>>> print(open('target-v8.cif').read())   # mmCIF, C-alpha atoms and all ligand atoms
data_final
loop_
_atom_site.label_atom_id
_atom_site.label_comp_id
_atom_site.auth_asym_id
_atom_site.auth_seq_id
_atom_site.Cartn_x
_atom_site.Cartn_y
_atom_site.Cartn_z
CA MET A 1 28.03 7.54 -6.01
CA THR A 2 25.80 5.69 -8.46
CA SER A 3 22.22 5.31 -7.29
CA LEU A 4 19.58 2.90 -8.53
CA ASP A 5 17.96 5.73 -10.42
CA ASP A 6 21.11 6.20 -12.52
CA LEU A 7 20.85 2.64 -13.81
CA PRO A 8 18.75 1.47 -16.77
CA ILE A 9 16.54 -0.55 -14.41
CA ARG A 10 13.16 -1.76 -15.70
CA ASP A 11 10.56 1.01 -15.42
CA ASP A 12 8.20 -1.24 -13.47
CA LEU A 13 10.86 -1.85 -10.79
CA ARG A 14 11.82 1.81 -10.39
CA GLY A 15 11.02 3.17 -6.92
CA ARG A 16 10.21 -0.23 -5.40
CA SER A 17 11.64 -1.45 -2.07
CA PRO A 18 13.10 -4.93 -1.61
CA TYR A 19 11.79 -7.39 1.01
CA GLY A 20 13.32 -5.99 4.15
CA ALA A 21 12.42 -7.61 7.47
CA PRO A 22 15.20 -6.38 9.79
CA GLN A 23 17.82 -9.05 10.55
CA LYS A 24 19.33 -8.18 13.92
CA SER A 25 21.25 -10.26 16.39
CA VAL A 26 19.09 -10.07 19.53
CA PRO A 27 18.42 -12.46 22.43
CA VAL A 28 14.70 -12.78 21.57
CA ALA A 29 13.96 -12.75 17.81
CA LEU A 30 10.20 -13.05 17.24
CA ASN A 31 9.90 -11.13 13.98
CA VAL A 32 9.88 -13.49 10.98
CA ASN A 33 7.68 -16.36 12.16
CA GLU A 34 10.47 -18.88 12.38
CA ASN A 35 10.27 -21.91 14.62
CA THR A 36 12.53 -20.68 17.42
CA HIS A 37 13.26 -24.21 18.68
CA PRO A 38 16.46 -25.70 17.24
CA ILE A 39 16.17 -28.98 15.36
CA PRO A 40 16.67 -32.11 17.51
CA GLU A 41 20.34 -33.06 17.75
CA ALA A 42 19.82 -36.70 16.74
CA VAL A 43 18.11 -35.54 13.54
CA ALA A 44 20.89 -33.03 12.94
CA HIS A 45 23.45 -35.85 13.06
CA ASP A 46 21.54 -37.88 10.49
CA ILE A 47 21.25 -34.82 8.23
CA VAL A 48 24.99 -34.19 8.56
CA ALA A 49 25.71 -37.79 7.52
CA ARG A 50 23.45 -37.45 4.47
CA VAL A 51 24.95 -34.11 3.48
CA ALA A 52 28.46 -35.56 3.95
CA ALA A 53 27.62 -38.38 1.55
CA ALA A 54 26.27 -35.87 -0.96
CA ILE A 55 29.44 -33.77 -0.72
CA LEU A 56 31.49 -36.69 -2.03
CA GLN A 57 29.48 -36.49 -5.26
CA LEU A 58 29.42 -32.74 -5.75
CA ASN A 59 31.48 -33.10 -8.94
CA ARG A 60 28.19 -34.18 -10.55
CA TYR A 61 25.02 -32.14 -11.01
CA PRO A 62 22.20 -33.12 -8.64
CA ASP A 63 19.08 -35.02 -9.69
CA ARG A 64 17.36 -32.31 -11.72
CA GLU A 65 13.99 -33.94 -11.00
CA PHE A 66 14.69 -34.37 -7.23
CA THR A 67 12.61 -37.52 -7.53
CA ASP A 68 13.39 -38.94 -4.08
CA LEU A 69 12.49 -35.65 -2.47
CA ARG A 70 9.21 -35.36 -4.40
CA HIS A 71 8.39 -38.90 -3.35
CA ALA A 72 9.12 -38.02 0.30
CA PHE A 73 6.95 -34.88 0.16
CA ALA A 74 4.08 -36.87 -1.37
CA GLY A 75 4.40 -39.36 1.49
CA TYR A 76 4.39 -36.59 4.07
CA LEU A 77 1.32 -34.87 2.56
CA GLY A 78 -0.73 -38.04 2.02
CA HIS A 79 -4.14 -37.33 0.42
CA GLY A 80 -3.37 -39.90 -2.30
CA LEU A 81 -0.67 -37.69 -3.85
CA ASP A 82 2.40 -39.09 -5.58
CA GLU A 83 5.62 -37.52 -6.88
CA SER A 84 3.97 -36.43 -10.13
CA ASN A 85 1.89 -33.98 -8.04
CA ILE A 86 4.85 -32.43 -6.23
CA TRP A 87 7.17 -29.53 -7.01
CA ALA A 88 9.84 -28.02 -4.77
CA ALA A 89 12.29 -25.13 -4.78
CA ASN A 90 14.52 -23.01 -2.56
CA GLY A 91 11.84 -21.87 -0.14
CA SER A 92 8.17 -21.48 -0.96
CA ASN A 93 9.06 -17.99 -2.17
CA GLU A 94 10.80 -19.62 -5.13
CA VAL A 95 7.93 -22.06 -5.57
CA LEU A 96 5.55 -19.08 -5.81
CA GLN A 97 7.95 -17.33 -8.18
CA HIS A 98 7.84 -20.36 -10.48
CA VAL A 99 4.03 -20.23 -10.47
CA LEU A 100 4.09 -16.52 -11.34
CA GLN A 101 6.70 -17.07 -14.06
CA ALA A 102 4.65 -19.81 -15.65
CA PHE A 103 1.16 -18.40 -15.26
CA GLY A 104 1.68 -14.66 -14.78
CA GLY A 105 3.85 -12.22 -16.69
CA PRO A 106 3.35 -9.07 -18.75
CA GLY A 107 -0.30 -8.39 -19.53
CA ARG A 108 -1.47 -10.71 -16.76
CA THR A 109 -2.65 -10.04 -13.23
CA SER A 110 -2.42 -11.68 -9.83
CA LEU A 111 -4.88 -10.97 -7.05
CA GLY A 112 -4.72 -11.32 -3.28
CA PHE A 113 -6.54 -9.99 -0.24
CA ALA A 114 -4.67 -7.30 1.67
CA PRO A 115 -3.09 -7.10 4.11
CA THR A 116 -1.37 -10.30 3.03
CA TYR A 117 2.11 -11.71 2.53
CA SER A 118 4.25 -8.87 1.17
CA MET A 119 6.17 -11.12 -1.22
CA TYR A 120 3.08 -11.67 -3.39
CA GLY A 121 3.36 -8.10 -4.65
CA LEU A 122 7.13 -8.28 -5.02
CA LEU A 123 7.11 -11.62 -6.84
CA SER A 124 4.40 -10.28 -9.11
CA ALA A 125 6.48 -7.18 -9.84
CA GLY A 126 9.58 -9.27 -10.51
CA THR A 127 7.74 -11.36 -13.07
CA GLY A 128 6.02 -8.39 -14.73
CA THR A 129 2.63 -9.46 -13.38
CA GLU A 130 0.26 -6.71 -12.26
CA TRP A 131 -0.60 -7.21 -8.57
CA ILE A 132 -4.14 -6.40 -7.42
CA ALA A 133 -4.74 -6.05 -3.68
CA ALA A 134 -8.44 -6.58 -2.96
CA PRO A 135 -9.87 -5.78 0.49
CA ARG A 136 -10.80 -8.22 3.27
CA ASP A 137 -13.86 -8.23 5.49
CA GLY A 138 -13.87 -6.89 9.06
CA GLU A 139 -11.31 -8.37 11.46
CA PHE A 140 -9.28 -9.38 8.34
CA GLU A 141 -11.60 -12.31 7.64
CA LEU A 142 -12.44 -13.40 4.07
CA THR A 143 -15.86 -14.73 3.23
CA PRO A 144 -16.65 -16.63 0.01
CA GLU A 145 -18.88 -13.72 -1.11
CA THR A 146 -16.17 -11.09 -0.71
CA ALA A 147 -13.55 -13.26 -2.41
CA VAL A 148 -15.75 -14.21 -5.35
CA ALA A 149 -16.92 -10.60 -5.84
CA ALA A 150 -13.29 -9.46 -6.16
CA ILE A 151 -12.56 -12.17 -8.71
CA ARG A 152 -15.65 -11.22 -10.76
CA GLU A 153 -14.60 -7.56 -10.61
CA HIS A 154 -10.92 -7.96 -11.51
CA ASP A 155 -10.85 -11.16 -13.60
CA PRO A 156 -7.28 -12.08 -12.53
CA ASP A 157 -5.08 -14.79 -14.02
CA ILE A 158 -3.76 -15.97 -10.64
CA VAL A 159 -5.35 -15.77 -7.19
CA LEU A 160 -3.10 -16.01 -4.15
CA LEU A 161 -4.90 -17.11 -0.98
CA CYS A 162 -2.85 -17.18 2.20
CA ALA A 163 -4.21 -19.76 4.65
CA PRO A 164 -3.72 -18.83 7.44
CA ASN A 165 -2.97 -15.31 6.32
CA ASN A 166 0.31 -13.56 7.04
CA PRO A 167 0.54 -10.98 8.67
CA THR A 168 -2.89 -11.23 10.27
CA GLY A 169 -2.91 -14.93 11.28
CA THR A 170 -6.50 -15.26 10.03
CA PRO A 171 -7.53 -18.84 9.21
CA LEU A 172 -9.26 -19.29 5.85
CA SER A 173 -12.27 -21.54 5.51
CA LEU A 174 -12.32 -24.28 2.88
CA GLU A 175 -15.66 -22.84 1.74
CA THR A 176 -13.84 -19.68 0.64
CA VAL A 177 -11.12 -21.67 -1.14
CA GLU A 178 -13.74 -23.81 -2.85
CA ALA A 179 -15.80 -20.79 -3.90
CA VAL A 180 -12.73 -19.09 -5.37
CA ALA A 181 -11.55 -22.23 -7.16
CA ASP A 182 -14.99 -22.77 -8.66
CA ALA A 183 -15.66 -19.09 -9.52
CA ALA A 184 -13.40 -18.86 -12.56
CA PRO A 185 -10.94 -21.03 -14.52
CA VAL A 186 -7.87 -19.30 -13.07
CA ILE A 187 -4.82 -20.57 -11.21
CA VAL A 188 -5.62 -20.49 -7.49
CA VAL A 189 -2.68 -20.84 -5.10
CA VAL A 190 -3.44 -21.64 -1.48
CA ASP A 191 -0.31 -20.74 0.47
CA GLU A 192 -0.37 -23.06 3.49
CA ALA A 193 3.04 -22.02 4.84
CA TYR A 194 1.66 -22.16 8.40
CA HIS A 195 -0.85 -25.00 8.02
CA GLU A 196 0.78 -27.30 10.59
CA PHE A 197 0.06 -24.71 13.31
CA ALA A 198 -3.68 -24.71 12.64
CA ASP A 199 -5.93 -26.17 15.29
CA PRO A 200 -5.91 -29.98 15.09
CA GLY A 201 -8.50 -31.25 12.62
CA THR A 202 -8.39 -28.13 10.42
CA PRO A 203 -8.74 -29.47 6.87
CA SER A 204 -6.14 -28.56 4.26
CA ALA A 205 -6.91 -27.31 0.77
CA LEU A 206 -5.16 -30.52 -0.32
CA THR A 207 -8.57 -32.14 0.16
CA LEU A 208 -9.89 -29.99 -2.71
CA LEU A 209 -7.21 -30.86 -5.29
CA GLU A 210 -9.04 -33.82 -6.81
CA GLY A 211 -10.84 -32.69 -9.98
CA ARG A 212 -9.44 -29.13 -9.77
CA PRO A 213 -6.40 -29.01 -12.10
CA ARG A 214 -5.88 -25.27 -11.57
CA LEU A 215 -5.67 -25.46 -7.78
CA VAL A 216 -2.20 -25.32 -6.22
CA VAL A 217 -1.36 -25.82 -2.54
CA SER A 218 2.04 -24.56 -1.43
CA ARG A 219 3.86 -25.45 1.78
CA THR A 220 7.25 -24.80 3.34
CA MET A 221 9.78 -26.47 5.62
CA SER A 222 10.69 -23.02 7.02
CA LYS A 223 8.07 -22.79 9.75
CA ALA A 224 6.73 -25.89 11.52
CA PHE A 225 9.70 -28.01 10.30
CA ALA A 226 12.21 -25.61 11.88
CA PHE A 227 14.21 -25.66 8.64
CA ALA A 228 14.15 -22.03 7.45
CA GLY A 229 17.91 -21.88 6.91
CA ALA A 230 17.84 -24.83 4.52
CA ARG A 231 15.48 -23.02 2.11
CA VAL A 232 12.99 -25.68 1.06
CA GLY A 233 9.42 -25.08 -0.06
CA TYR A 234 7.10 -27.29 -2.10
CA LEU A 235 3.66 -27.53 -3.63
CA ALA A 236 1.06 -30.08 -4.60
CA ALA A 237 -1.00 -29.77 -7.78
CA ASP A 238 -2.10 -31.55 -10.91
CA PRO A 239 0.88 -33.10 -12.79
CA ALA A 240 0.18 -30.70 -15.69
CA VAL A 241 0.86 -27.73 -13.38
CA VAL A 242 4.12 -29.37 -12.32
CA ASP A 243 5.04 -29.74 -16.01
CA ALA A 244 4.41 -26.02 -16.49
CA LEU A 245 6.82 -25.21 -13.66
CA ARG A 246 9.56 -27.30 -15.32
CA LEU A 247 9.50 -24.72 -18.14
CA VAL A 248 10.61 -21.87 -15.89
CA ARG A 249 12.90 -23.40 -13.26
CA LEU A 250 16.64 -23.14 -13.68
CA PRO A 251 18.25 -26.51 -14.39
CA TYR A 252 19.40 -28.19 -11.16
CA HIS A 253 17.84 -25.45 -9.04
CA LEU A 254 17.78 -27.66 -5.92
CA SER A 255 21.36 -28.42 -4.93
CA ALA A 256 22.42 -31.93 -3.93
CA LEU A 257 23.07 -30.55 -0.42
CA THR A 258 19.56 -29.12 -0.17
CA GLN A 259 18.01 -32.36 -1.41
CA ALA A 260 20.04 -34.46 1.04
CA ALA A 261 19.23 -32.19 3.97
CA ALA A 262 15.52 -32.04 3.17
CA LEU A 263 15.33 -35.82 2.77
CA GLY A 264 17.00 -36.20 6.16
CA ALA A 265 14.54 -33.83 7.81
CA LEU A 266 11.56 -35.55 6.18
CA ALA A 267 12.78 -38.97 7.31
CA HIS A 268 12.31 -37.66 10.86
CA SER A 269 9.24 -35.50 10.33
CA ASP A 270 7.68 -36.55 13.66
CA GLN A 271 10.71 -35.31 15.58
CA MET A 272 11.03 -32.21 13.42
CA LEU A 273 7.40 -31.32 14.10
CA ALA A 274 7.55 -32.24 17.77
CA MET A 275 7.40 -28.64 19.00
CA VAL A 276 4.32 -27.64 16.99
CA ASP A 277 1.84 -28.36 19.81
CA GLU A 278 4.01 -26.44 22.25
CA ILE A 279 4.22 -23.46 19.86
CA ARG A 280 0.45 -23.52 19.35
CA GLY A 281 0.13 -23.42 23.13
CA GLN A 282 2.36 -20.34 23.30
CA ARG A 283 0.28 -18.70 20.57
CA GLU A 284 -2.87 -19.28 22.62
CA ARG A 285 -1.09 -17.91 25.66
CA ILE A 286 -0.15 -14.75 23.72
CA VAL A 287 -3.73 -14.29 22.52
CA ALA A 288 -5.19 -14.75 26.02
CA GLU A 289 -2.63 -12.53 27.74
CA LEU A 290 -2.79 -9.71 25.17
CA ASP A 291 -6.55 -9.79 25.44
CA ARG A 292 -6.33 -9.60 29.24
CA LEU A 293 -3.98 -6.61 28.91
CA GLY A 294 -6.58 -4.80 26.79
CA PHE A 295 -4.92 -5.20 23.38
CA HIS A 296 -6.88 -6.54 20.43
CA PRO A 297 -5.33 -9.84 19.29
CA TYR A 298 -6.76 -11.15 16.01
CA ARG A 299 -7.80 -14.77 15.48
CA SER A 300 -4.72 -16.80 14.54
CA GLY A 301 -4.20 -20.24 13.05
CA ALA A 302 -0.46 -19.67 12.67
CA ASN A 303 2.63 -19.43 14.89
CA PHE A 304 2.24 -15.67 15.27
CA VAL A 305 -0.31 -13.15 16.49
CA LEU A 306 -1.26 -9.75 15.09
CA PHE A 307 -2.58 -7.41 17.74
CA GLY A 308 -4.18 -3.99 17.64
CA GLY A 309 -4.68 -1.40 20.36
CA VAL A 310 -1.08 -0.18 20.17
CA ASP A 311 -0.93 3.62 20.44
CA ASP A 312 2.40 4.09 18.73
CA PRO A 313 3.55 0.83 17.10
CA HIS A 314 6.93 2.16 16.05
CA ALA A 315 7.74 3.45 19.55
CA VAL A 316 6.69 0.14 21.13
CA PHE A 317 8.74 -1.78 18.56
CA GLU A 318 11.80 0.32 19.46
CA ALA A 319 11.20 0.03 23.22
CA LEU A 320 11.05 -3.76 22.97
CA LEU A 321 14.15 -3.80 20.78
CA ASP A 322 15.99 -1.87 23.50
CA ARG A 323 15.16 -4.82 25.76
CA GLY A 324 16.55 -7.28 23.20
CA ILE A 325 13.14 -8.35 21.88
CA LEU A 326 12.59 -8.07 18.13
CA ILE A 327 8.98 -8.20 16.89
CA ARG A 328 7.46 -6.87 13.66
CA ASP A 329 6.02 -3.49 12.79
CA ILE A 330 4.27 -4.33 9.54
CA GLY A 331 2.95 -0.83 8.98
CA LEU A 332 -0.67 -1.58 9.90
CA PRO A 333 -2.02 1.33 11.95
CA GLY A 334 -2.19 0.53 15.68
CA CYS A 335 -0.88 -3.00 15.15
CA LEU A 336 2.20 -5.11 15.80
CA ARG A 337 2.92 -8.77 15.05
CA VAL A 338 4.77 -11.24 17.25
CA THR A 339 5.91 -14.81 16.63
CA ALA A 340 5.16 -17.44 19.28
CA GLY A 341 8.58 -18.45 20.59
CA THR A 342 9.76 -20.82 23.28
CA GLU A 343 8.04 -20.43 26.65
CA THR A 344 10.94 -18.28 27.90
CA GLU A 345 10.95 -16.04 24.82
CA THR A 346 7.19 -15.66 24.95
CA THR A 347 7.38 -14.73 28.63
CA ALA A 348 10.03 -12.09 27.87
CA PHE A 349 7.74 -10.59 25.21
CA LEU A 350 4.62 -10.64 27.40
CA GLU A 351 6.43 -9.04 30.33
CA ALA A 352 7.84 -6.30 28.10
CA ILE A 353 4.59 -5.53 26.26
CA ALA A 354 2.62 -5.24 29.53
CA ALA A 355 4.17 -1.79 30.07
CA PHE A 356 2.27 -0.57 26.98
CA ALA A 357 -1.08 -2.16 27.78
CA PRO A 358 -4.13 -0.04 26.96
CA ALA A 359 -5.71 -1.28 30.22
CA SER A 360 -2.87 0.23 32.26
CA ALA A 361 -3.29 3.68 30.65
N1 LIG B 401 4.32 -17.74 2.48
C1 LIG B 401 4.09 -17.09 3.61
C2 LIG B 401 2.69 -16.76 3.97
C3 LIG B 401 5.14 -16.71 4.45
O1 LIG B 401 4.88 -16.04 5.57
C4 LIG B 401 6.46 -17.03 4.08
C5 LIG B 401 7.65 -16.66 4.93
N2 LIG B 401 7.55 -15.56 5.71
C6 LIG B 401 6.65 -17.70 2.88
C7 LIG B 401 5.56 -18.05 2.10
C8 LIG B 401 8.01 -18.01 2.35
O2 LIG B 401 8.76 -18.82 3.15
P1 LIG B 401 9.96 -19.67 2.60
O3 LIG B 401 10.45 -19.06 1.34
O4 LIG B 401 10.94 -19.62 3.70
O5 LIG B 401 9.40 -21.04 2.37
#
>>> encode(input="target-v8.cif", output="structure tokens")
Amino acid sequence: MTSLDDLPIRDDLRGRSPYGAPQKSVPVALNVNENTHPIPEAVAHDIVARVAAAILQLNRYPDREFTDLRHAFAGYLGHGLDESNIWAANGSNEVLQHVLQAFGGPGRTSLGFAPTYSMYGLLSAGTGTEWIAAPRDGEFELTPETAVAAIREHDPDIVLLCAPNNPTGTPLSLETVEAVADAAPVIVVVDEAYHEFADPGTPSALTLLEGRPRLVVSRTMSKAFAFAGARVGYLAADPAVVDALRLVRLPYHLSALTQAAALGALAHSDQMLAMVDEIRGQRERIVAELDRLGFHPYRSGANFVLFGGVDDPHAVFEALLDRGILIRDIGLPGCLRVTAGTETETTAFLEAIAAFAPASA
């Protein structure tokens, strides 16, 4: 049988592993930070009607500029943005890939603060960009001083800040974003995939865009919007950044079906986001209960919680899986990560994890 090693694959991809969160059919799937609530049925019907109308025109290419969708995203984000500030693609992974294609590449570097979203390294590798993983402070926090020191040391071309950070959940202060953006004339991406789950009143890096043409704020419909299967991510930045991304996207990269579905979801954003408060409540419940059980939950501004104090993460992962509960072993010693699900799913997780509580040892 032919193996990868037999193929003339690029040297810089040899030996790498693809993104590989397990996809298993289980009753309680709390492993990839989805919104586990289905989208409201009334909204689904409107989306179906819009997609049906789009199907009748599939003989034509879609609007390459997805102008209506960019307009709708600008309206959703507010902050004085208009469609010239907006870009979108098939998931924020593709949005980030476009940024790396345009501003990274051979001879250039991207820098992030580990542990962080695993795709940053993979997207960097795929675009020939050298990925630098700088360390965080204690408890996975990131102070302006630590961030700026890493930028001074490594002089990257792109900085990827995850706010809040996946897989740790750690919120990121605007002071740190501001310090990074003002430290060097580099492209700074603030990945706000989970921003809607932050505590109410938490300011977005969107408030820093004015006067900072190298700052990029990316978002996704995959999490709070409960729209992961539709694959829609977007960003806000200076119109010149958006122009740069036009150079690397494939023509018509957002299908007419995707555009219609996303427009439908955005037209009902209040209903789509209706479960966010409930999910935040379940997150707080997970933090409080894990703490009571003697685990070490980290501060989270997202829809998931990383917790330490697990003796044998892999064994606990497997034991929960045997009970139909899928969480995430992200390879951090003593730690596991769980997504805040519905109340019932969260209860199932908390009841199962109690058997492994440090306090009960
Ligand atoms: N950024 C972060 C921090 C994420 O956790 C994820 C999804 N796990 C993404 C981006 C990408 O999500 P999507 O491509 O579905 O928008």
>>> atom_distance(input="target-v8.cif", atom1="CA of Phe304 (chain A)", atom2="CA of Cys162 (chain A)")
14.1 Å
>>> residues_around(input="target-v8.cif", residues="Leu69 (chain A)", least_positions_apart="6", cutoff="12 Å", atoms="only C-alpha atoms", output="list in words")
Pro62, Asp63, Gly75, Tyr76, Asp82, Glu83, Ser84, Ile86, Trp87, Ala88, Ala89, Val232, Gly233, Tyr234, Leu254, Ser255, Ala256, Leu257, Thr258, Gln259, Ala260, Ala261, Ala262, Leu263, Gly264, Ala265, Leu266 and Ala267 of chain A
>>> residues_near_ligand(input="target-v8.cif", ligand="ligand LIG 401 (chain B)", cutoff="9 Å", atoms="all atoms listed in the file", output="PyMOL selection string")
chain A and resi 32-34+89-96+116-120+162-167+191-194+218-223+227-234
>>> write_last_selection(input="target-v8.cif", atoms="C-alpha atoms", output="short mmCIF file (atom, residue, chain, number, x, y, z; two decimals), in the frame of the given file")
data_model
loop_
_atom_site.label_atom_id
_atom_site.label_comp_id
_atom_site.auth_asym_id
_atom_site.auth_seq_id
_atom_site.Cartn_x
_atom_site.Cartn_y
_atom_site.Cartn_z
CA VAL A 32 9.88 -13.49 10.98
CA ASN A 33 7.68 -16.36 12.16
CA GLU A 34 10.47 -18.88 12.38
CA ALA A 89 12.29 -25.13 -4.78
CA ASN A 90 14.52 -23.01 -2.56
CA GLY A 91 11.84 -21.87 -0.14
CA SER A 92 8.17 -21.48 -0.96
CA ASN A 93 9.06 -17.99 -2.17
CA GLU A 94 10.80 -19.62 -5.13
CA VAL A 95 7.93 -22.06 -5.57
CA LEU A 96 5.55 -19.08 -5.81
CA THR A 116 -1.37 -10.30 3.03
CA TYR A 117 2.11 -11.71 2.53
CA SER A 118 4.25 -8.87 1.17
CA MET A 119 6.17 -11.12 -1.22
CA TYR A 120 3.08 -11.67 -3.39
CA CYS A 162 -2.85 -17.18 2.20
CA ALA A 163 -4.21 -19.76 4.65
CA PRO A 164 -3.72 -18.83 7.44
CA ASN A 165 -2.97 -15.31 6.32
CA ASN A 166 0.31 -13.56 7.04
CA PRO A 167 0.54 -10.98 8.67
CA ASP A 191 -0.31 -20.74 0.47
CA GLU A 192 -0.37 -23.06 3.49
CA ALA A 193 3.04 -22.02 4.84
CA TYR A 194 1.66 -22.16 8.40
CA SER A 218 2.04 -24.56 -1.43
CA ARG A 219 3.86 -25.45 1.78
CA THR A 220 7.25 -24.80 3.34
CA MET A 221 9.78 -26.47 5.62
CA SER A 222 10.69 -23.02 7.02
CA LYS A 223 8.07 -22.79 9.75
CA PHE A 227 14.21 -25.66 8.64
CA ALA A 228 14.15 -22.03 7.45
CA GLY A 229 17.91 -21.88 6.91
CA ALA A 230 17.84 -24.83 4.52
CA ARG A 231 15.48 -23.02 2.11
CA VAL A 232 12.99 -25.68 1.06
CA GLY A 233 9.42 -25.08 -0.06
CA TYR A 234 7.10 -27.29 -2.10
#
>>> closest_residue(input="target-v8.cif", among="A:Asp157, A:Glu289, A:Asp243, A:Glu210", to="Thr346 (chain A)", atoms="all atoms listed in the file")
A:Glu289
>>> residues_near_point(input="target-v8.cif", point="(-0.1, -24.6, -5.5)", cutoff="7 Å", atoms="all atoms listed in the file", output="VMD selection string")
chain A and resid 189 to 190 215 to 218 235 to 237
>>> closest_residue(input="target-v8.cif", among="A:Asp238, A:Glu284, A:Asp12, A:Asp5", to="Asn85 (chain A)", atoms="all atoms listed in the file")
A:Asp238
>>> closest_residue(input="target-v8.cif", among="A:Val242, A:Phe73, A:Ser3, A:Gln57", to="Gly15 (chain A)", atoms="only C-alpha atoms")
A:Ser3
>>> residues_around(input="target-v8.cif", residues="region 197-205 of chain A", least_positions_apart="3", cutoff="6 Å", atoms="all atoms listed in the file", output="list of chain:residue names")
A:Tyr194, A:Leu208, A:Gly301, A:Ala302
>>> atom_distance(input="target-v8.cif", atom1="CA of Leu209 (chain A)", atom2="CA of Ala181 (chain A)")
9.8 Å
>>> atom_distance(input="target-v8.cif", atom1="CA of Ala114 (chain A)", atom2="CA of Phe295 (chain A)")
21.8 Å
>>> closest_residue(input="target-v8.cif", among="A:Gln282, A:Thr207, A:Thr127, A:Ser25", to="Thr339 (chain A)", atoms="only C-alpha atoms")
A:Gln282
>>> residues_around(input="target-v8.cif", residues="Gly107 (chain A)", least_positions_apart="3", cutoff="10 Å", atoms="all atoms listed in the file", output="JSON, numbers by chain")
{"A": [104, 128, 129, 130, 157]}
>>> residues_around(input="target-v8.cif", residues="Ala150 (chain A)", least_positions_apart="2", cutoff="12 Å", atoms="only C-alpha atoms", output="list of chain:residue names")
A:Ser110, A:Leu111, A:Gly112, A:Phe113, A:Ala114, A:Ile132, A:Ala133, A:Ala134, A:Pro135, A:Arg136, A:Asp137, A:Leu142, A:Thr143, A:Pro144, A:Glu145, A:Thr146, A:Ala147, A:Val148, A:Arg152, A:Glu153, A:His154, A:Asp155, A:Pro156, A:Val159, A:Ala179, A:Val180, A:Ala183, A:Ala184
>>> closest_residue(input="target-v8.cif", among="A:Ala125, A:Ile151, A:Leu160, A:Leu326", to="Ser17 (chain A)", atoms="all atoms listed in the file")
A:Ala125
>>> axis_aligned_box(input="target-v8.cif", around="region 13-21 of chain A", padding_each_side="6 Å", output="lines of an AutoDock Vina configuration file")
center_x = 11.8
center_y = -2.2
center_z = -1.7
size_x = 15.1
size_y = 22.8
size_z = 30.3
>>> closest_residue(input="target-v8.cif", among="A:Arg328, A:Arg212, A:Arg280, A:Arg10", to="Glu178 (chain A)", atoms="all atoms listed in the file")
A:Arg212
>>> residues_around(input="target-v8.cif", residues="Tyr298 (chain A)", least_positions_apart="5", cutoff="8 Å", atoms="all atoms listed in the file", output="mmCIF file with C-alpha atoms, in the frame of the given file")
data_model
loop_
_atom_site.group_PDB
_atom_site.id
_atom_site.type_symbol
_atom_site.label_atom_id
_atom_site.label_comp_id
_atom_site.auth_asym_id
_atom_site.auth_seq_id
_atom_site.Cartn_x
_atom_site.Cartn_y
_atom_site.Cartn_z
ATOM 1 C CA GLU A 139 -11.310 -8.370 11.460
ATOM 2 C CA THR A 168 -2.890 -11.230 10.270
ATOM 3 C CA GLY A 169 -2.910 -14.930 11.280
ATOM 4 C CA THR A 170 -6.500 -15.260 10.030
ATOM 5 C CA VAL A 287 -3.730 -14.290 22.520
ATOM 6 C CA VAL A 305 -0.310 -13.150 16.490
ATOM 7 C CA LEU A 306 -1.260 -9.750 15.090
ATOM 8 C CA PHE A 307 -2.580 -7.410 17.740
ATOM 9 C CA GLY A 308 -4.180 -3.990 17.640
#
>>> build_atoms(input="target-v8.cif", residues="region 279-288 of chain A", atoms="N, CA and C atoms", output="short mmCIF file (atom, residue, chain, number, x, y, z; two decimals), in the coordinates of the input")
data_model
loop_
_atom_site.label_atom_id
_atom_site.label_comp_id
_atom_site.auth_asym_id
_atom_site.auth_seq_id
_atom_site.Cartn_x
_atom_site.Cartn_y
_atom_site.Cartn_z
N ILE A 279 4.26 -24.81 20.46
CA ILE A 279 4.22 -23.46 19.86
C ILE A 279 2.76 -22.97 19.77
N ARG A 280 1.87 -23.88 19.40
CA ARG A 280 0.45 -23.52 19.35
C ARG A 280 -0.03 -23.09 20.74
N GLY A 281 0.46 -23.78 21.75
CA GLY A 281 0.13 -23.42 23.13
C GLY A 281 0.62 -22.02 23.48
N GLN A 282 1.83 -21.68 23.03
CA GLN A 282 2.36 -20.34 23.30
C GLN A 282 1.56 -19.28 22.53
N ARG A 283 1.14 -19.64 21.34
CA ARG A 283 0.28 -18.70 20.57
C ARG A 283 -1.01 -18.41 21.34
N GLU A 284 -1.62 -19.47 21.86
CA GLU A 284 -2.87 -19.28 22.62
C GLU A 284 -2.63 -18.46 23.87
N ARG A 285 -1.46 -18.68 24.47
CA ARG A 285 -1.09 -17.91 25.66
C ARG A 285 -0.94 -16.43 25.29
N ILE A 286 -0.32 -16.15 24.16
CA ILE A 286 -0.15 -14.75 23.72
C ILE A 286 -1.52 -14.11 23.50
N VAL A 287 -2.40 -14.82 22.80
CA VAL A 287 -3.73 -14.29 22.52
C VAL A 287 -4.46 -13.98 23.82
N ALA A 288 -4.45 -14.93 24.76
CA ALA A 288 -5.19 -14.75 26.02
C ALA A 288 -4.60 -13.59 26.83
#
